Amino acid sequence: MPEIRITDDKPLRRTISVRGLPAGLRRRVVCEALGHVGAATLFFAWIEPGTGVLTGLVPCLVVLTAIHGGLWCNLAQNRLPGSPVIRHRIGGANRLTLTRGLLIALVAGFLFSGPLGQYPGAATRAWWPGSLYLLAALLDGLDGYWARRYGSPTRLGQKLDLHTDALGILVACTVAVGAQRLPPYYLAAGAAFYVYRFGLWYRRRQGYWNRPASPRTFARLVAGAQMGFVGIAMLPLFAYNVIQALAPLFLLPLLAGFVWDWMIVRGAIGETADRRCRMVLRTLVAKVPPLLRIGLLLSGGIFIHRMPVAPPLSAALLIGLGLMVISGLAGRLAALLLSLALAYQATAAGPAPLLMATLVGAVVLTMAGTGDASLWRPEDALIFRQSAGRL
């Protein structure tokens, strides 16, 4: 399909100067920013006493500037849908998003810390980056729930949430690669969003029409899995070779989603083809996981049979989680716990081929779910209801 070029697609914008914003709103935003700067200074003065404070504080302040700068530039959109009145308060949901931004900025402070090491020899400070980012990931979604619960969703909140998510992935991937917890090619996960947005901007600049890409239900799930994986990878729990083997399982779906949306934007994929492919994907997610569960039964059974007499983890724990996954009893949650247990086993006993194959199967079931013929899937309803609300 040939691309459509138009002469002018610049949207009509209503610009509001800073002086036109409510004074109370400006004051609250400035106080929020100063509070975060103070909290970051105290944090790094605590964990990096002496001259090391600036090493962590400088990249942290750069990220805080990006977060609060995005907030300041979009204050004119701090209004309820359909209302022309700019709200005087930031709102609880936006404050939660800004708190996530602060946690991400603290993660950025470890950019020049060097390798984090591996448990049990890792220092106490090696646990900070991953813990901070996992806390930020857990808070993701709570801000959206807050806005819907108390009837305060704004365009500002949507933009700030998206900006914080994308910047968080970029910061976390950069720190993880610099700390030698993820392979260098994983920087592509952090850059993908910004490359995509630059492509959209460049096409508009050239006068091309960007076709709208409809929201994908699985996009939020992939993004959540991405945040969880990067956060866990930064923790000094698992061996680098184990993390390196699992990295493509999380990176490829993320990049594939951006490539798919880009093809829709360019018009290479029409609406009918997009709808058909979504149906195929839903069918695969429903029908393929039961086959993976059978494969997990076989590989897991052989692995348990060959397990040493004194394994680092109890065989009963692995068997119990494996049976939950195979039967589909809270299968996605059980697959997540089984993945963590197997990754620890591979770190302690070495990444044997059969063990890694079982681990890969558990990770795939964590992301895809257990599919048809599952006994109970409460986490699926929660995840997709949350995704629908955010999208």
# chains A, B, ... in the order shown; residues from 1 in each chain; ligands from 1
>>> select_by_dssp(residues="range 169-368 of chain A", states="helix (DSSP H, G or I)", output="ChimeraX atom specification")
/A:169-178,184-205,217-234,240-266,271-306,315-327,331-349,353-368
>>> write_last_selection(atoms="C-alpha atoms", output="short mmCIF file (atom, residue, chain, number, x, y, z; two decimals), in the first residue's frame")
data_model
loop_
_atom_site.label_atom_id
_atom_site.label_comp_id
_atom_site.auth_asym_id
_atom_site.auth_seq_id
_atom_site.Cartn_x
_atom_site.Cartn_y
_atom_site.Cartn_z
CA ILE A 169 13.01 1.05 31.24
CA LEU A 170 15.81 3.12 29.66
CA VAL A 171 17.44 3.89 33.02
CA ALA A 172 17.10 0.35 34.38
CA CYS A 173 18.51 -1.28 31.24
CA THR A 174 21.43 1.15 31.16
CA VAL A 175 22.28 0.55 34.82
CA ALA A 176 21.89 -3.22 34.45
CA VAL A 177 24.20 -3.34 31.43
CA GLY A 178 26.74 -1.08 33.14
CA PRO A 184 24.96 -5.05 26.12
CA TYR A 185 22.40 -5.72 23.37
CA TYR A 186 19.66 -5.34 25.98
CA LEU A 187 20.05 -1.57 25.68
CA ALA A 188 17.72 -1.99 22.70
CA ALA A 189 14.85 -2.54 25.16
CA GLY A 190 15.43 0.87 26.72
CA ALA A 191 15.88 2.66 23.41
CA ALA A 192 12.97 1.03 21.53
CA PHE A 193 10.28 3.45 22.71
CA TYR A 194 12.33 6.54 21.90
CA VAL A 195 13.34 5.23 18.49
CA TYR A 196 9.68 4.55 17.75
CA ARG A 197 8.58 8.01 18.87
CA PHE A 198 11.38 9.61 16.87
CA GLY A 199 10.16 7.72 13.81
CA LEU A 200 6.64 9.06 14.32
CA TRP A 201 7.98 12.61 14.69
CA TYR A 202 10.17 12.27 11.60
CA ARG A 203 7.28 11.02 9.47
CA ARG A 204 5.13 13.96 10.55
CA ARG A 205 8.05 16.24 9.80
CA THR A 217 -3.93 -6.14 25.10
CA PHE A 218 -0.67 -8.03 25.40
CA ALA A 219 1.46 -4.88 25.18
CA ARG A 220 0.90 -4.02 28.83
CA LEU A 221 1.66 -7.60 29.84
CA VAL A 222 4.93 -7.57 27.88
CA ALA A 223 5.89 -4.21 29.40
CA GLY A 224 5.15 -5.49 32.90
CA ALA A 225 7.20 -8.63 32.28
CA GLN A 226 10.00 -6.41 30.99
CA MET A 227 10.07 -4.32 34.17
CA GLY A 228 9.99 -7.41 36.37
CA PHE A 229 12.78 -9.14 34.48
CA VAL A 230 15.12 -6.13 34.46
CA GLY A 231 14.49 -5.49 38.15
CA ILE A 232 15.18 -9.12 39.09
CA ALA A 233 18.23 -9.20 36.81
CA MET A 234 19.75 -6.28 38.73
CA TYR A 240 25.06 -13.80 34.67
CA ASN A 241 24.98 -16.76 32.28
CA VAL A 242 21.49 -17.70 33.52
CA ILE A 243 20.22 -14.12 33.03
CA GLN A 244 21.90 -13.96 29.62
CA ALA A 245 20.13 -17.14 28.48
CA LEU A 246 16.71 -15.75 29.47
CA ALA A 247 17.21 -12.20 28.11
CA PRO A 248 16.02 -12.93 24.52
CA LEU A 249 12.72 -14.34 25.83
CA PHE A 250 11.85 -10.91 27.22
CA LEU A 251 13.52 -8.68 24.64
CA LEU A 252 12.14 -10.19 21.43
CA PRO A 253 8.40 -9.81 22.25
CA LEU A 254 8.97 -6.18 23.21
CA LEU A 255 10.82 -5.35 19.99
CA ALA A 256 8.31 -7.33 17.92
CA GLY A 257 5.49 -5.20 19.35
CA PHE A 258 7.20 -1.97 18.33
CA VAL A 259 7.96 -3.32 14.85
CA TRP A 260 4.33 -4.38 14.46
CA ASP A 261 3.02 -0.96 15.50
CA TRP A 262 5.51 0.71 13.14
CA MET A 263 4.25 -1.35 10.21
CA ILE A 264 0.68 -0.33 11.06
CA VAL A 265 1.70 3.33 11.29
CA ARG A 266 3.33 3.15 7.85
CA GLU A 271 -6.86 -3.06 9.77
CA THR A 272 -8.17 -6.41 8.54
CA ALA A 273 -4.73 -8.04 8.65
CA ASP A 274 -4.13 -6.59 12.10
CA ARG A 275 -7.40 -7.99 13.39
CA ARG A 276 -6.69 -11.41 11.85
CA CYS A 277 -3.22 -11.57 13.40
CA ARG A 278 -4.62 -10.66 16.80
CA MET A 279 -7.05 -13.56 16.52
CA VAL A 280 -4.21 -15.91 15.58
CA LEU A 281 -2.18 -14.69 18.55
CA ARG A 282 -5.09 -15.25 20.93
CA THR A 283 -5.52 -18.77 19.53
CA LEU A 284 -1.84 -19.55 20.00
CA VAL A 285 -1.88 -18.25 23.57
CA ALA A 286 -4.85 -20.52 24.29
CA LYS A 287 -3.69 -23.69 22.51
CA VAL A 288 0.12 -23.78 22.74
CA PRO A 289 0.59 -23.49 26.55
CA PRO A 290 -1.09 -26.87 27.23
CA LEU A 291 1.57 -28.47 25.02
CA LEU A 292 4.26 -26.62 26.95
CA ARG A 293 2.77 -27.91 30.18
CA ILE A 294 3.10 -31.48 28.90
CA GLY A 295 6.70 -30.80 27.92
CA LEU A 296 7.31 -29.28 31.35
CA LEU A 297 5.92 -32.46 32.93
CA LEU A 298 8.40 -34.60 31.00
CA SER A 299 11.48 -32.42 31.40
CA GLY A 300 10.70 -31.59 35.02
CA GLY A 301 10.17 -35.24 35.89
CA ILE A 302 13.52 -36.22 34.40
CA PHE A 303 15.22 -33.27 36.12
CA ILE A 304 13.78 -34.19 39.54
CA HIS A 305 14.81 -37.81 39.00
CA ARG A 306 18.40 -36.79 38.24
CA ALA A 315 12.53 -31.22 45.61
CA ALA A 316 9.11 -30.98 47.25
CA LEU A 317 8.95 -27.25 46.47
CA LEU A 318 9.83 -27.78 42.81
CA ILE A 319 7.38 -30.67 42.49
CA GLY A 320 4.56 -28.68 44.11
CA LEU A 321 5.05 -25.64 41.88
CA GLY A 322 5.44 -27.87 38.83
CA LEU A 323 2.15 -29.65 39.52
CA MET A 324 0.38 -26.29 39.90
CA VAL A 325 1.71 -25.18 36.51
CA ILE A 326 0.87 -28.47 34.79
CA SER A 327 -2.69 -28.49 36.15
CA GLY A 331 -0.58 -21.44 36.73
CA ARG A 332 0.91 -18.08 35.78
CA LEU A 333 1.83 -17.27 39.38
CA ALA A 334 3.14 -20.79 39.96
CA ALA A 335 5.21 -20.56 36.76
CA LEU A 336 6.75 -17.30 38.00
CA LEU A 337 7.73 -18.85 41.33
CA LEU A 338 8.98 -21.97 39.56
CA SER A 339 11.09 -19.81 37.22
CA LEU A 340 12.73 -18.09 40.19
CA ALA A 341 13.38 -21.42 41.92
CA LEU A 342 14.87 -22.98 38.80
CA ALA A 343 17.02 -19.90 38.12
CA TYR A 344 18.39 -20.16 41.65
CA GLN A 345 19.00 -23.87 41.11
CA ALA A 346 20.87 -23.13 37.87
CA THR A 347 22.96 -20.49 39.66
CA ALA A 348 23.88 -22.83 42.50
CA ALA A 349 24.35 -26.10 40.62
CA PRO A 353 20.81 -28.28 29.49
CA LEU A 354 17.77 -30.09 30.93
CA LEU A 355 17.47 -27.61 33.78
CA MET A 356 17.67 -24.64 31.41
CA ALA A 357 15.08 -26.18 29.08
CA THR A 358 12.69 -26.55 32.04
CA LEU A 359 13.46 -22.98 33.10
CA VAL A 360 12.75 -21.59 29.62
CA GLY A 361 9.42 -23.43 29.53
CA ALA A 362 8.44 -22.02 32.91
CA VAL A 363 9.35 -18.49 31.80
CA VAL A 364 7.28 -18.80 28.62
CA LEU A 365 4.29 -20.02 30.64
CA THR A 366 4.77 -17.07 33.01
CA MET A 367 4.31 -14.63 30.15
CA ALA A 368 1.79 -16.54 28.03
#
>>> residues_around(residues="Val62 in chain A", least_positions_apart="6", cutoff="10 Å", atoms="only C-alpha atoms", output="mmCIF file with N, CA and C atoms, in the first residue's frame")
data_model
loop_
_atom_site.group_PDB
_atom_site.id
_atom_site.type_symbol
_atom_site.label_atom_id
_atom_site.label_comp_id
_atom_site.auth_asym_id
_atom_site.auth_seq_id
_atom_site.Cartn_x
_atom_site.Cartn_y
_atom_site.Cartn_z
ATOM 1 N N ALA A 105 14.900 7.623 39.415
ATOM 2 C CA ALA A 105 16.060 8.522 39.482
ATOM 3 C C ALA A 105 17.106 7.988 40.456
ATOM 4 N N ALA A 108 19.101 5.458 38.726
ATOM 5 C CA ALA A 108 20.081 6.073 37.833
ATOM 6 C C ALA A 108 21.346 6.479 38.571
ATOM 7 N N GLY A 109 21.239 6.738 39.875
ATOM 8 C CA GLY A 109 22.408 7.115 40.655
ATOM 9 C C GLY A 109 23.457 6.031 40.754
#
>>> residues_around(residues="range 150-164 of chain A", least_positions_apart="2", cutoff="9 Å", atoms="only C-alpha atoms", output="CSV table (one decimal) with C-alpha atoms, in the first residue's frame")
chain,number,residue,atom,x,y,z
A,67,ILE,CA,10.6,13.7,35.1
A,70,GLY,CA,7.9,16.7,31.5
A,71,LEU,CA,5.4,17.5,34.3
A,74,ASN,CA,2.3,19.6,30.4
A,75,LEU,CA,0.7,21.4,33.3
A,76,ALA,CA,-1.9,23.0,31.0
A,77,GLN,CA,-3.4,19.5,30.5
A,78,ASN,CA,-4.0,19.0,34.2
A,79,ARG,CA,-7.8,19.0,33.6
A,80,LEU,CA,-10.6,16.5,33.7
A,81,PRO,CA,-11.9,15.1,30.4
A,91,GLY,CA,-3.6,14.9,42.5
A,92,GLY,CA,-2.8,11.7,44.3
A,93,ALA,CA,-2.4,9.7,41.2
A,94,ASN,CA,0.2,12.0,39.7
A,97,THR,CA,3.7,8.6,39.4
A,98,LEU,CA,6.2,11.2,40.6
A,100,ARG,CA,7.9,6.2,40.8
A,101,GLY,CA,10.0,8.8,39.0
A,104,ILE,CA,13.8,5.5,39.0
A,140,ASP,CA,3.0,1.0,38.3
A,143,ASP,CA,-1.6,5.5,40.0
A,144,GLY,CA,-4.0,4.6,37.2
A,145,TYR,CA,-6.3,2.7,39.7
A,146,TRP,CA,-6.2,5.8,42.0
A,147,ALA,CA,-7.2,8.1,39.2
A,148,ARG,CA,-10.1,5.9,38.2
A,166,ALA,CA,9.6,4.6,29.2
A,167,LEU,CA,12.3,6.5,31.1
A,168,GLY,CA,12.3,3.8,33.8
A,169,ILE,CA,13.0,1.0,31.2
A,390,ARG,CA,-4.8,1.4,31.5
